[in-house]
file input11.cif (mmCIF, N, CA and C atoms and all ligand atoms)
data_query
#
loop_
_atom_site.label_atom_id
_atom_site.label_comp_id
_atom_site.auth_asym_id
_atom_site.auth_seq_id
_atom_site.Cartn_x
_atom_site.Cartn_y
_atom_site.Cartn_z
N MET N 1 13.69 9.67 22.61
CA MET N 1 12.57 9.98 21.73
C MET N 1 11.40 9.05 22.02
N PRO N 2 10.66 9.32 23.04
CA PRO N 2 9.56 8.40 23.41
C PRO N 2 8.51 8.27 22.32
N GLU N 3 8.25 9.36 21.55
CA GLU N 3 7.20 9.28 20.54
C GLU N 3 7.57 8.28 19.44
N LEU N 4 8.84 8.31 19.01
CA LEU N 4 9.30 7.38 17.98
C LEU N 4 9.15 5.93 18.44
N LEU N 5 9.50 5.68 19.67
CA LEU N 5 9.39 4.31 20.18
C LEU N 5 7.93 3.88 20.22
N ASP N 6 7.05 4.78 20.61
CA ASP N 6 5.63 4.43 20.65
C ASP N 6 5.12 4.07 19.25
N ILE N 7 5.53 4.86 18.26
CA ILE N 7 5.10 4.59 16.89
C ILE N 7 5.62 3.24 16.43
N ALA N 8 6.91 2.97 16.70
CA ALA N 8 7.53 1.72 16.24
C ALA N 8 6.84 0.50 16.85
N SER N 9 6.29 0.63 18.05
CA SER N 9 5.67 -0.53 18.68
C SER N 9 4.16 -0.54 18.52
N ASP N 10 3.61 0.44 17.81
CA ASP N 10 2.16 0.50 17.61
C ASP N 10 1.80 -0.14 16.27
N ALA N 11 1.69 -1.48 16.26
CA ALA N 11 1.45 -2.21 15.02
C ALA N 11 0.12 -1.80 14.38
N GLY N 12 -0.89 -1.51 15.20
CA GLY N 12 -2.19 -1.12 14.65
C GLY N 12 -2.11 0.18 13.88
N GLY N 13 -1.42 1.16 14.44
CA GLY N 13 -1.27 2.46 13.76
C GLY N 13 -0.42 2.33 12.51
N LEU N 14 0.63 1.50 12.57
CA LEU N 14 1.49 1.30 11.40
C LEU N 14 0.71 0.62 10.27
N ARG N 15 -0.16 -0.30 10.65
CA ARG N 15 -0.96 -1.00 9.64
C ARG N 15 -1.90 -0.02 8.93
N ILE N 16 -2.51 0.88 9.71
CA ILE N 16 -3.41 1.88 9.12
C ILE N 16 -2.62 2.77 8.15
N ALA N 17 -1.45 3.23 8.59
CA ALA N 17 -0.63 4.10 7.74
C ALA N 17 -0.22 3.36 6.47
N ALA N 18 0.16 2.08 6.61
CA ALA N 18 0.59 1.31 5.44
C ALA N 18 -0.57 1.10 4.47
N GLU N 19 -1.76 0.82 4.99
CA GLU N 19 -2.93 0.64 4.12
C GLU N 19 -3.23 1.92 3.36
N GLU N 20 -3.14 3.05 4.05
CA GLU N 20 -3.41 4.33 3.39
C GLU N 20 -2.36 4.64 2.32
N MET N 21 -1.11 4.26 2.59
CA MET N 21 -0.06 4.51 1.60
C MET N 21 -0.22 3.60 0.38
N LEU N 22 -0.61 2.35 0.59
CA LEU N 22 -0.85 1.44 -0.54
C LEU N 22 -2.01 1.96 -1.38
N GLU N 23 -3.07 2.41 -0.71
CA GLU N 23 -4.24 2.95 -1.39
C GLU N 23 -3.85 4.22 -2.18
N ALA N 24 -3.03 5.06 -1.59
CA ALA N 24 -2.62 6.30 -2.26
C ALA N 24 -1.80 5.99 -3.51
N THR N 25 -0.90 4.99 -3.41
CA THR N 25 -0.08 4.62 -4.56
C THR N 25 -0.97 4.08 -5.69
N PHE N 26 -1.94 3.24 -5.31
CA PHE N 26 -2.87 2.69 -6.30
C PHE N 26 -3.67 3.81 -6.96
N LEU N 27 -4.24 4.72 -6.16
CA LEU N 27 -5.11 5.76 -6.70
C LEU N 27 -4.35 6.74 -7.58
N LYS N 28 -3.08 6.96 -7.28
CA LYS N 28 -2.28 7.88 -8.07
C LYS N 28 -2.19 7.37 -9.52
N GLU N 29 -1.84 6.09 -9.67
CA GLU N 29 -1.73 5.53 -11.02
C GLU N 29 -3.11 5.42 -11.67
N PHE N 30 -4.09 4.95 -10.90
CA PHE N 30 -5.46 4.80 -11.40
C PHE N 30 -5.97 6.14 -11.94
N ASN N 31 -5.81 7.18 -11.16
CA ASN N 31 -6.31 8.50 -11.57
C ASN N 31 -5.59 9.03 -12.80
N GLU N 32 -4.28 8.76 -12.89
CA GLU N 32 -3.53 9.21 -14.07
C GLU N 32 -4.08 8.56 -15.33
N VAL N 33 -4.33 7.25 -15.26
CA VAL N 33 -4.83 6.52 -16.43
C VAL N 33 -6.22 7.02 -16.80
N ILE N 34 -7.09 7.16 -15.79
CA ILE N 34 -8.46 7.60 -16.06
C ILE N 34 -8.46 9.04 -16.61
N ARG N 35 -7.61 9.89 -16.07
CA ARG N 35 -7.56 11.28 -16.53
C ARG N 35 -7.11 11.34 -18.00
N GLU N 36 -6.15 10.48 -18.37
CA GLU N 36 -5.71 10.43 -19.76
C GLU N 36 -6.84 10.02 -20.68
N ARG N 37 -7.58 8.97 -20.26
CA ARG N 37 -8.65 8.45 -21.12
C ARG N 37 -9.82 9.41 -21.22
N THR N 38 -10.08 10.18 -20.19
CA THR N 38 -11.25 11.06 -20.18
C THR N 38 -10.85 12.50 -20.45
N GLN N 39 -9.64 12.72 -20.85
CA GLN N 39 -9.11 14.07 -21.09
C GLN N 39 -9.38 15.03 -19.92
N GLY N 40 -8.97 14.57 -18.75
CA GLY N 40 -9.01 15.46 -17.61
C GLY N 40 -10.32 15.50 -16.86
N GLN N 41 -11.24 14.54 -17.17
CA GLN N 41 -12.55 14.58 -16.51
C GLN N 41 -12.57 13.89 -15.15
N ALA N 42 -11.64 12.99 -14.91
CA ALA N 42 -11.66 12.25 -13.64
C ALA N 42 -11.30 13.17 -12.48
N LYS N 43 -12.04 13.03 -11.41
CA LYS N 43 -11.72 13.87 -10.25
C LYS N 43 -10.71 13.14 -9.36
N PRO N 44 -9.75 13.88 -8.87
CA PRO N 44 -8.74 13.23 -8.03
C PRO N 44 -9.33 12.79 -6.69
N ALA N 45 -8.96 11.62 -6.27
CA ALA N 45 -9.43 11.11 -4.98
C ALA N 45 -8.40 11.43 -3.91
N GLU N 46 -8.87 11.96 -2.83
CA GLU N 46 -7.96 12.30 -1.73
C GLU N 46 -7.95 11.16 -0.72
N ILE N 47 -6.77 10.80 -0.29
CA ILE N 47 -6.63 9.78 0.74
C ILE N 47 -6.49 10.48 2.08
N PRO N 48 -7.36 10.16 3.02
CA PRO N 48 -7.20 10.79 4.32
C PRO N 48 -5.99 10.22 5.06
N CYS N 49 -5.25 11.08 5.67
CA CYS N 49 -4.15 10.64 6.52
C CYS N 49 -4.68 10.67 7.95
N THR N 50 -4.97 9.50 8.48
CA THR N 50 -5.69 9.45 9.75
C THR N 50 -4.79 9.24 10.96
N VAL N 51 -3.50 8.99 10.74
CA VAL N 51 -2.58 8.88 11.88
C VAL N 51 -1.49 9.93 11.72
N SER N 52 -0.72 10.16 12.75
CA SER N 52 0.25 11.26 12.71
C SER N 52 1.40 10.95 11.74
N SER N 53 2.04 12.01 11.27
CA SER N 53 3.03 11.90 10.20
C SER N 53 4.17 10.93 10.53
N GLY N 54 4.48 10.76 11.80
CA GLY N 54 5.54 9.84 12.19
C GLY N 54 5.27 8.41 11.74
N TYR N 55 4.00 8.04 11.68
CA TYR N 55 3.66 6.68 11.24
C TYR N 55 4.02 6.46 9.77
N TYR N 56 3.77 7.48 8.94
CA TYR N 56 4.07 7.34 7.50
C TYR N 56 5.57 7.27 7.28
N ALA N 57 6.31 8.06 8.08
CA ALA N 57 7.78 8.01 7.99
C ALA N 57 8.28 6.63 8.39
N ARG N 58 7.71 6.09 9.45
CA ARG N 58 8.12 4.77 9.91
C ARG N 58 7.77 3.70 8.85
N VAL N 59 6.58 3.81 8.26
CA VAL N 59 6.15 2.84 7.26
C VAL N 59 7.07 2.92 6.03
N ARG N 60 7.47 4.15 5.64
CA ARG N 60 8.42 4.28 4.51
C ARG N 60 9.71 3.54 4.84
N HIS N 61 10.19 3.69 6.07
CA HIS N 61 11.40 2.97 6.49
C HIS N 61 11.17 1.46 6.39
N LEU N 62 10.02 1.00 6.86
CA LEU N 62 9.73 -0.44 6.84
C LEU N 62 9.62 -0.97 5.41
N PHE N 63 9.00 -0.20 4.49
CA PHE N 63 8.91 -0.61 3.09
C PHE N 63 10.31 -0.75 2.49
N GLU N 64 11.20 0.21 2.82
CA GLU N 64 12.58 0.12 2.32
C GLU N 64 13.29 -1.09 2.90
N LEU N 65 13.11 -1.29 4.19
CA LEU N 65 13.72 -2.45 4.85
C LEU N 65 13.22 -3.74 4.21
N GLU N 66 11.92 -3.82 3.98
CA GLU N 66 11.32 -5.01 3.38
C GLU N 66 11.88 -5.27 1.98
N SER N 67 12.02 -4.20 1.18
CA SER N 67 12.51 -4.44 -0.18
C SER N 67 13.98 -4.86 -0.15
N MET N 68 14.75 -4.33 0.81
CA MET N 68 16.15 -4.78 0.91
C MET N 68 16.22 -6.23 1.34
N LEU N 69 15.33 -6.63 2.27
CA LEU N 69 15.29 -8.03 2.69
C LEU N 69 14.88 -8.92 1.53
N ASN N 70 13.91 -8.46 0.72
CA ASN N 70 13.46 -9.25 -0.43
C ASN N 70 14.56 -9.41 -1.48
N MET N 71 15.46 -8.42 -1.55
CA MET N 71 16.57 -8.51 -2.51
C MET N 71 17.77 -9.22 -1.90
N ASP N 72 17.62 -9.68 -0.67
CA ASP N 72 18.71 -10.33 0.04
C ASP N 72 19.90 -9.40 0.24
N ALA N 73 19.60 -8.10 0.39
CA ALA N 73 20.67 -7.11 0.51
C ALA N 73 21.16 -6.98 1.95
N LEU N 74 20.49 -7.65 2.87
CA LEU N 74 20.88 -7.55 4.28
C LEU N 74 21.11 -8.95 4.85
N PRO N 75 22.21 -9.61 4.43
CA PRO N 75 22.41 -11.00 4.87
C PRO N 75 22.55 -11.12 6.39
N ARG N 76 22.99 -10.05 7.04
CA ARG N 76 23.14 -10.12 8.50
C ARG N 76 22.11 -9.24 9.18
N PHE N 77 20.88 -9.31 8.70
CA PHE N 77 19.81 -8.48 9.25
C PHE N 77 19.65 -8.73 10.75
N ASN N 78 19.78 -7.67 11.50
CA ASN N 78 19.65 -7.74 12.95
C ASN N 78 18.54 -6.76 13.33
N PRO N 79 17.30 -7.24 13.45
CA PRO N 79 16.18 -6.32 13.62
C PRO N 79 16.29 -5.45 14.86
N GLN N 80 15.93 -4.18 14.67
CA GLN N 80 15.88 -3.27 15.80
C GLN N 80 14.47 -3.32 16.41
N ALA N 81 14.34 -2.60 17.51
CA ALA N 81 13.06 -2.64 18.24
C ALA N 81 11.89 -2.37 17.31
N GLY N 82 10.93 -3.26 17.31
CA GLY N 82 9.70 -3.04 16.57
C GLY N 82 9.77 -3.34 15.10
N GLU N 83 10.95 -3.65 14.55
CA GLU N 83 11.02 -3.86 13.09
C GLU N 83 10.28 -5.13 12.65
N LEU N 84 10.38 -6.19 13.43
CA LEU N 84 9.70 -7.42 13.03
C LEU N 84 8.18 -7.25 13.11
N SER N 85 7.70 -6.64 14.19
CA SER N 85 6.24 -6.43 14.28
C SER N 85 5.81 -5.41 13.23
N GLY N 86 6.68 -4.46 12.90
CA GLY N 86 6.38 -3.50 11.84
C GLY N 86 6.25 -4.19 10.49
N LEU N 87 7.15 -5.13 10.21
CA LEU N 87 7.09 -5.86 8.93
C LEU N 87 5.83 -6.72 8.87
N ARG N 88 5.42 -7.25 10.02
CA ARG N 88 4.16 -8.01 10.05
C ARG N 88 2.97 -7.09 9.79
N ALA N 89 3.04 -5.87 10.31
CA ALA N 89 1.97 -4.89 10.07
C ALA N 89 1.87 -4.57 8.57
N LEU N 90 3.02 -4.47 7.89
CA LEU N 90 3.02 -4.22 6.44
C LEU N 90 2.35 -5.38 5.71
N ALA N 91 2.70 -6.61 6.12
CA ALA N 91 2.11 -7.79 5.46
C ALA N 91 0.59 -7.80 5.66
N ALA N 92 0.14 -7.45 6.86
CA ALA N 92 -1.30 -7.42 7.14
C ALA N 92 -1.97 -6.33 6.30
N ALA N 93 -1.31 -5.19 6.16
CA ALA N 93 -1.86 -4.10 5.35
C ALA N 93 -1.96 -4.53 3.89
N ARG N 94 -0.95 -5.24 3.41
CA ARG N 94 -0.96 -5.70 2.02
C ARG N 94 -2.08 -6.73 1.79
N ASP N 95 -2.28 -7.62 2.76
CA ASP N 95 -3.38 -8.59 2.67
C ASP N 95 -4.72 -7.87 2.59
N ALA N 96 -4.91 -6.87 3.44
CA ALA N 96 -6.17 -6.11 3.46
C ALA N 96 -6.36 -5.39 2.13
N PHE N 97 -5.27 -4.83 1.59
CA PHE N 97 -5.34 -4.13 0.30
C PHE N 97 -5.75 -5.11 -0.80
N ARG N 98 -5.20 -6.34 -0.75
CA ARG N 98 -5.50 -7.34 -1.79
C ARG N 98 -6.97 -7.79 -1.74
N VAL N 99 -7.57 -7.77 -0.56
CA VAL N 99 -8.99 -8.09 -0.44
C VAL N 99 -9.83 -6.97 -1.07
N LYS N 100 -9.43 -5.73 -0.80
CA LYS N 100 -10.14 -4.57 -1.33
C LYS N 100 -9.93 -4.41 -2.83
N HIS N 101 -8.72 -4.75 -3.28
CA HIS N 101 -8.34 -4.59 -4.69
C HIS N 101 -7.67 -5.87 -5.17
N PRO N 102 -8.48 -6.92 -5.44
CA PRO N 102 -7.87 -8.18 -5.91
C PRO N 102 -7.13 -7.96 -7.22
N PRO N 103 -6.04 -8.70 -7.46
CA PRO N 103 -5.27 -8.48 -8.68
C PRO N 103 -6.02 -8.94 -9.94
N CYS N 104 -5.86 -8.18 -11.03
CA CYS N 104 -6.42 -8.56 -12.32
C CYS N 104 -5.77 -9.87 -12.75
N PRO N 105 -6.60 -10.88 -13.17
CA PRO N 105 -6.03 -12.16 -13.59
C PRO N 105 -5.22 -12.04 -14.89
N HIS N 106 -5.37 -10.94 -15.62
CA HIS N 106 -4.66 -10.77 -16.90
C HIS N 106 -3.36 -10.00 -16.75
N CYS N 107 -3.41 -8.86 -16.05
CA CYS N 107 -2.19 -8.03 -15.98
C CYS N 107 -1.66 -7.88 -14.56
N GLY N 108 -2.43 -8.30 -13.55
CA GLY N 108 -1.95 -8.24 -12.18
C GLY N 108 -2.19 -6.91 -11.47
N ALA N 109 -2.70 -5.92 -12.20
CA ALA N 109 -2.96 -4.63 -11.56
C ALA N 109 -4.06 -4.79 -10.51
N PRO N 110 -4.00 -4.05 -9.41
CA PRO N 110 -5.08 -4.12 -8.43
C PRO N 110 -6.37 -3.58 -9.03
N LEU N 111 -7.44 -4.38 -8.97
CA LEU N 111 -8.72 -3.95 -9.53
C LEU N 111 -9.33 -2.85 -8.67
N GLU N 112 -10.31 -2.12 -9.25
CA GLU N 112 -10.98 -1.05 -8.50
C GLU N 112 -11.63 -1.57 -7.23
N GLY N 113 -12.17 -2.78 -7.32
CA GLY N 113 -12.80 -3.38 -6.15
C GLY N 113 -13.07 -4.83 -6.44
N PRO N 114 -13.51 -5.62 -5.42
CA PRO N 114 -13.75 -7.05 -5.64
C PRO N 114 -14.89 -7.30 -6.63
N GLY N 115 -15.78 -6.33 -6.86
CA GLY N 115 -16.89 -6.53 -7.79
C GLY N 115 -16.66 -5.96 -9.17
N ALA N 116 -15.43 -5.55 -9.48
CA ALA N 116 -15.15 -4.92 -10.77
C ALA N 116 -15.42 -5.89 -11.92
N PHE N 117 -15.99 -5.38 -13.01
CA PHE N 117 -16.28 -6.22 -14.17
C PHE N 117 -15.16 -6.18 -15.19
N THR N 118 -14.47 -5.06 -15.27
CA THR N 118 -13.34 -4.95 -16.18
C THR N 118 -12.15 -4.37 -15.42
N CYS N 119 -10.98 -4.62 -15.97
CA CYS N 119 -9.75 -4.07 -15.38
C CYS N 119 -9.57 -2.65 -15.92
N TRP N 120 -9.33 -1.70 -15.02
CA TRP N 120 -9.15 -0.30 -15.42
C TRP N 120 -7.85 -0.13 -16.21
N LYS N 121 -6.91 -1.05 -16.03
CA LYS N 121 -5.60 -0.85 -16.63
C LYS N 121 -5.51 -1.51 -18.01
N CYS N 122 -5.76 -2.83 -18.09
CA CYS N 122 -5.62 -3.53 -19.38
C CYS N 122 -6.98 -3.65 -20.08
N ARG N 123 -8.06 -3.25 -19.41
CA ARG N 123 -9.43 -3.23 -19.93
C ARG N 123 -9.98 -4.62 -20.23
N ALA N 124 -9.34 -5.65 -19.71
CA ALA N 124 -9.85 -7.02 -19.91
C ALA N 124 -11.08 -7.22 -19.04
N LYS N 125 -11.97 -8.10 -19.52
CA LYS N 125 -13.15 -8.46 -18.75
C LYS N 125 -12.70 -9.40 -17.64
N VAL N 126 -13.05 -9.10 -16.40
CA VAL N 126 -12.64 -9.98 -15.30
C VAL N 126 -13.82 -10.70 -14.68
N LYS N 127 -15.06 -10.26 -15.05
CA LYS N 127 -16.25 -10.91 -14.52
C LYS N 127 -17.31 -10.90 -15.60
N GLU N 128 -18.14 -11.96 -15.63
CA GLU N 128 -19.23 -11.99 -16.62
C GLU N 128 -20.42 -11.23 -16.09
ZN ZN Z 1 -5.69 -6.02 -16.10
#
call {"tool": "encode", "arguments": {"input": "input11.cif", "output": "structure tokens"}}
result
Amino acid sequence: MPELLDIASDAGGLRIAAEEMLEATFLKEFNEVIRERTQGQAKPAEIPCTVSSGYYARVRHLFELESMLNMDALPRFNPQAGELSGLRALAAARDAFRVKHPPCPHCGAPLEGPGAFTCWKCRAKVKE
């Protein structure tokens, strides 16, 4: 499966896919909350999928692998080809997401953006 191997070793493509998936997860919850508050007035935001579907499948695998490693569920973890660079790509994607959506100092939810004045989730003031 040459295509799978290419995806696994393409850290740049994996990082893009991971960033888009983090953004999609954030927007899903954000839109649900806004839609509830505005009684259906918020328009859904679409996340473009800019890399081929294999990247998202690979990133889902890496997110699962990462959460198992975080829970210490794999004491004898023996990384397969590209898994370590893939996990680094996830970390880089998460860092980029945190710059775009810094965490609310009150509830920890990712803010709408670095210039947000209030938190969309807990409604606390985050900037004067
Ligand atoms: Zn908050």
call {"tool": "select_by_dssp", "arguments": {"input": "input11.cif", "residues": "chain N", "states": "strand (DSSP E or B)", "output": "list in words"}}
result
Pro103, Pro110, Thr118 and Lys125 of chain N
call {"tool": "residues_near_ligand", "arguments": {"input": "input11.cif", "ligand": "ligand ZN 1 (chain Z)", "cutoff": "6 Å", "atoms": "all atoms listed in the file", "output": "compact mmCIF listing (two decimals) with N, CA and C atoms, keeping the file's coordinate frame"}}
result
# COMPACT_ATOMS: atom_id res chain seq x y z
N CYS N 104 -5.86 -8.18 -11.03
CA CYS N 104 -6.42 -8.56 -12.32
C CYS N 104 -5.77 -9.87 -12.75
N PRO N 105 -6.60 -10.88 -13.17
CA PRO N 105 -6.03 -12.16 -13.59
C PRO N 105 -5.22 -12.04 -14.89
N HIS N 106 -5.37 -10.94 -15.62
CA HIS N 106 -4.66 -10.77 -16.90
C HIS N 106 -3.36 -10.00 -16.75
N CYS N 107 -3.41 -8.86 -16.05
CA CYS N 107 -2.19 -8.03 -15.98
C CYS N 107 -1.66 -7.88 -14.56
N GLY N 108 -2.43 -8.30 -13.55
CA GLY N 108 -1.95 -8.24 -12.18
C GLY N 108 -2.19 -6.91 -11.47
N ALA N 109 -2.70 -5.92 -12.20
CA ALA N 109 -2.96 -4.63 -11.56
C ALA N 109 -4.06 -4.79 -10.51
N CYS N 119 -10.98 -4.62 -15.97
CA CYS N 119 -9.75 -4.07 -15.38
C CYS N 119 -9.57 -2.65 -15.92
N TRP N 120 -9.33 -1.70 -15.02
CA TRP N 120 -9.15 -0.30 -15.42
C TRP N 120 -7.85 -0.13 -16.21
N LYS N 121 -6.91 -1.05 -16.03
CA LYS N 121 -5.60 -0.85 -16.63
C LYS N 121 -5.51 -1.51 -18.01
N CYS N 122 -5.76 -2.83 -18.09
CA CYS N 122 -5.62 -3.53 -19.38
C CYS N 122 -6.98 -3.65 -20.08
N ARG N 123 -8.06 -3.25 -19.41
CA ARG N 123 -9.43 -3.23 -19.93
C ARG N 123 -9.98 -4.62 -20.23
N ALA N 124 -9.34 -5.65 -19.71
CA ALA N 124 -9.85 -7.02 -19.91
C ALA N 124 -11.08 -7.22 -19.04
call {"tool": "closest_residue", "arguments": {"input": "input11.cif", "among": "N:Leu74, N:Leu27, N:Leu69, N:Val59", "to": "Arg15 in chain N", "atoms": "all atoms listed in the file"}}
result
N:Val59
call {"tool": "residues_near_point", "arguments": {"input": "input11.cif", "point": "(2.4, 1.9, 9.5)", "cutoff": "6 Å", "atoms": "all atoms listed in the file", "output": "list in words"}}
result
Gly13, Leu14, Arg15, Ile16, Ala17, Ala18, Tyr55, Tyr56, Arg58 and Val59 of chain N
call {"tool": "closest_residue", "arguments": {"input": "input11.cif", "among": "N:Ala91, N:Met21, N:His101, N:Pro48", "to": "Glu66 in chain N", "atoms": "only C-alpha atoms"}}
result
N:Ala91
call {"tool": "atom_distance", "arguments": {"input": "input11.cif", "atom1": "atom C of Ser9 in chain N", "atom2": "atom C of Arg94 in chain N"}}
result
18.9 Å
call {"tool": "atom_distance", "arguments": {"input": "input11.cif", "atom1": "atom C of Ala73 in chain N", "atom2": "atom N of Leu87 in chain N"}}
result
16.4 Å
call {"tool": "residues_around", "arguments": {"input": "input11.cif", "residues": "Phe97 in chain N", "least_positions_apart": "5", "cutoff": "8 Å", "atoms": "all atoms listed in the file", "output": "VMD selection string"}}
result
chain N and resid 19 22 to 23 91 to 92 102 to 103 110
call {"tool": "atom_distance", "arguments": {"input": "input11.cif", "atom1": "CA of Gly40 in chain N", "atom2": "atom C of Lys28 in chain N"}}
result
13.3 Å
call {"tool": "select_by_dssp", "arguments": {"input": "input11.cif", "residues": "range 12-128 of chain N", "states": "helix (DSSP H, G or I)", "output": "number ranges by chain"}}
result
N: 12-37, 53-70, 83-100
call {"tool": "axis_aligned_box", "arguments": {"input": "input11.cif", "around": "range 51-68 of chain N", "padding_each_side": "3 Å", "output": "lines of an AutoDock Vina configuration file"}}
result
center_x = 6.4
center_y = 2.9
center_z = 6.3
size_x = 25.7
size_y = 24.2
size_z = 18.9
